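So the structure is just underneath, and the comments pick up after that.
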Amino acid sequence: MMKFKWLACGMILLVATTQSCSSSKKKTKAIVAPAVVKTTPSSESIVIDIEEQRVVESNTAVAQSQSTVTPNTQFENIQQSVSTPEREVAELHATGIQRNYDFAPTIHYDLRKPQFVMIHHTSQNSIAQTIRTFQLAHTQVSSHYVIGRDGQVVQMLNDYQRAWHAGAGKWGNITDMNSVSIGIELDNNGNEPFPDLQINALLILLNNLKSKYRIPQTNFIGHSDYAPGRKDDPSTYFPWETLAERGFGIWYNANYLAPPPPTFNSTDALRIIGYDTSNLRTAVRSFKKKYIRTDVSSELTPYDIMILYDLYRKFY
């Protein structure tokens, strides 16, 4: 009788173990091979996915490029903007795509191509002060490059992006110089000569920009050329002759000045060079600040006209 009881208990235990193992196998099978539900995405979701993927890739590239930049300890105390131009470009890329239309990207396009270089002086006391000015929201002014008195060059904006450095003015038929130019600020208060180290650094930068973007010699100008009467930078201390010798801007040949023919029209010559002659007196003063310097009156003398004629016949 006792043996029968033990035999019955053994059979019950065997059955329970078998069921437990069978249940375990079913659970393992469910985990290893789960059911897969296939869905076909709509064309709208594909478009949005492509768009979001492009934005994510752009932001990732920006983050990686920013993480590899070695910080400049000289400016570590200057407050950095929370939003960078690169980040804003990525955001504009996202908002510039209309979500209610299909999106098929073309391969033929380019960015803003600089055609001019405009040179300024900062009218401030240090390169750090200028950088700080360009990073404050309320100033609403910027430039692509700032060059210190010691020759240090700081780039503040990608060449292909639009800085706010020129403002209102006119040069030839161009009234929006910000959209077609690179702005360079020289650390100078406007009442002092420009150090050789600073000018040498400027010449190297100009050579790079001219070669890279194929900027014509005549398209290197000053702020006062574009905005006569409103701006006077760079000042009369700026060595335009030195730049022209290297192919950046124009200058006259003092050894071969000749009287112009009777048919020469000085107002037309100023206009053809690029000056806005709608206010002739301010245009003349701007011309003389650059090429005469010792006399910045609003009237052209016979000597001034010979210089104007020499520039006109050589470059235009």
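Every chain in the structure tokens has a letter given in the order shown (A, B, ...), and although residue numbers restart at 1 in each chain, ligands are simply numbered from 1 in the order shown.
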
- Message: Excluding Ile119 (chain A) and its own-chain neighbours fewer than 5 positions away, which residues fall within 10 Å of it when counting only C-alpha atoms? Please give them as a list in words.
- Response: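 Result of the neighbour search: Ser143, Tyr145, His165, Ala166, Ile182, Gly183, Ile184, Glu185, Leu186, Leu202, Phe220, Ile221, Gly222, His223, Ser224, Asp225, Asp233, Pro234 and Phe238 of chain A.
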
Keeping only C-alpha atoms, write those residues as a PDB file, in the first residue's frame.
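What ended up in selection_36.pdb:
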```
ATOM      1  CA  SER A 143      31.316  91.161 -39.465  1.00  0.00           C
ATOM      2  CA  TYR A 145      36.456  88.855 -39.579  1.00  0.00           C
ATOM      3  CA  HIS A 165      28.253  95.235 -41.553  1.00  0.00           C
ATOM      4  CA  ALA A 166      27.447  97.544 -44.466  1.00  0.00           C
ATOM      5  CA  ILE A 182      32.604  89.903 -46.772  1.00  0.00           C
ATOM      6  CA  GLY A 183      33.092  92.409 -43.960  1.00  0.00           C
ATOM      7  CA  ILE A 184      36.478  92.841 -42.271  1.00  0.00           C
ATOM      8  CA  GLU A 185      36.853  94.936 -39.122  1.00  0.00           C
ATOM      9  CA  LEU A 186      40.275  96.287 -38.134  1.00  0.00           C
ATOM     10  CA  LEU A 202      44.988  91.660 -43.580  1.00  0.00           C
ATOM     11  CA  PHE A 220      37.865  95.709 -52.549  1.00  0.00           C
ATOM     12  CA  ILE A 221      36.335  98.854 -51.065  1.00  0.00           C
ATOM     13  CA  GLY A 222      35.916 100.745 -47.814  1.00  0.00           C
ATOM     14  CA  HIS A 223      32.776 101.418 -45.836  1.00  0.00           C
ATOM     15  CA  SER A 224      32.986 105.123 -46.663  1.00  0.00           C
ATOM     16  CA  ASP A 225      32.991 104.306 -50.394  1.00  0.00           C
ATOM     17  CA  ASP A 233      35.959 104.039 -42.152  1.00  0.00           C
ATOM     18  CA  PRO A 234      38.585 102.987 -42.713  1.00  0.00           C
ATOM     19  CA  PHE A 238      44.493 103.330 -43.969  1.00  0.00           C
TER      20      PHE A 238
END
```

* Asked: Do you know which residues are at most 10 Å from Ile292 (chain A) counting only C-alpha atoms, after dropping those on the same chain fewer than 4 positions away, and could you put them as a list of chain:residue names?
  -> A:Thr236, A:Arg285, A:Ser286, A:Phe287, A:Lys288, A:Val296, A:Ser297, A:Tyr303, A:Asp304, A:Ile307

Please, could you write that set of residues out with C-alpha atoms as a tab-separated table (two decimals), in the first residue's frame?
```tsv
chain	number	residue	atom	x	y	z
A	236	THR	CA	42.60	108.45	-43.78
A	285	ARG	CA	34.55	114.07	-49.98
A	286	SER	CA	34.56	110.26	-49.76
A	287	PHE	CA	36.77	110.05	-52.86
A	288	LYS	CA	39.23	112.60	-51.46
A	296	VAL	CA	38.92	116.41	-47.83
A	297	SER	CA	36.80	119.28	-49.08
A	303	TYR	CA	45.06	117.83	-59.29
A	304	ASP	CA	42.17	115.77	-57.91
A	307	ILE	CA	43.96	111.46	-60.13
```

Judged by only C-alpha atoms, the minimum distance to Ala254 (chain A) among A:Tyr101, A:Phe315, A:Trp171, A:Tyr309 is found for A:Tyr309

For Trp164 (chain A): contacts at 12 Å, only C-alpha atoms, fewer than 4 positions along chain excluded, given as an MDAnalysis selection string
chainID A and resid 118 134 139:145 156:157 168 176:185

Report as a ChimeraX atom specification: the residues of region 108-262 of chain A with a DSSP assignment of helix (DSSP H, G or I), based on the backbone of this structure.
-> /A:127-134,177-179,196-213,217-219,223-226,240-245,254-256

Which residues are close to Thr277 (chain A), i.e. within 10 Å by only C-alpha atoms, leaving aside same-chain residues fewer than 3 positions away? Reply as a compact mmCIF listing (two decimals) with N, CA and C atoms, in the first residue's frame.
```txt
# COMPACT_ATOMS: atom_id res chain seq x y z
N LYS A 170 25.12 102.71 -51.22
CA LYS A 170 25.04 102.32 -52.63
C LYS A 170 26.43 102.32 -53.23
N TRP A 171 26.72 101.29 -54.00
CA TRP A 171 27.97 101.22 -54.76
C TRP A 171 27.64 100.66 -56.13
N GLY A 172 27.78 101.48 -57.16
CA GLY A 172 27.29 101.08 -58.47
C GLY A 172 25.79 100.93 -58.41
N PRO A 228 28.99 107.17 -48.35
CA PRO A 228 29.62 108.48 -48.18
C PRO A 228 28.73 109.43 -47.39
N THR A 267 32.00 113.88 -62.86
CA THR A 267 30.84 113.30 -62.17
C THR A 267 30.53 111.91 -62.73
N ASP A 268 30.57 111.78 -64.04
CA ASP A 268 30.34 110.47 -64.65
C ASP A 268 31.43 109.48 -64.26
N ALA A 269 32.66 109.96 -64.16
CA ALA A 269 33.76 109.08 -63.78
C ALA A 269 33.57 108.55 -62.36
N LEU A 270 33.17 109.43 -61.44
CA LEU A 270 32.90 108.98 -60.07
C LEU A 270 31.80 107.94 -60.04
N ARG A 271 30.76 108.17 -60.82
CA ARG A 271 29.63 107.23 -60.86
C ARG A 271 30.05 105.90 -61.46
N ILE A 272 30.86 105.91 -62.52
CA ILE A 272 31.30 104.67 -63.16
C ILE A 272 32.20 103.87 -62.22
N GLY A 274 31.88 103.78 -59.07
CA GLY A 274 30.98 103.15 -58.12
C GLY A 274 30.29 104.10 -57.16
N LEU A 280 26.47 114.77 -54.76
CA LEU A 280 27.81 114.87 -55.34
C LEU A 280 28.85 115.33 -54.32
N ARG A 281 28.48 116.22 -53.43
CA ARG A 281 29.44 116.76 -52.47
C ARG A 281 29.95 115.67 -51.52
N THR A 282 29.06 114.82 -51.03
CA THR A 282 29.51 113.75 -50.14
C THR A 282 30.32 112.71 -50.91
N ALA A 283 29.97 112.46 -52.18
CA ALA A 283 30.74 111.52 -52.99
C ALA A 283 32.16 112.03 -53.20
N VAL A 284 32.30 113.32 -53.47
CA VAL A 284 33.63 113.92 -53.67
C VAL A 284 34.44 113.83 -52.38
```
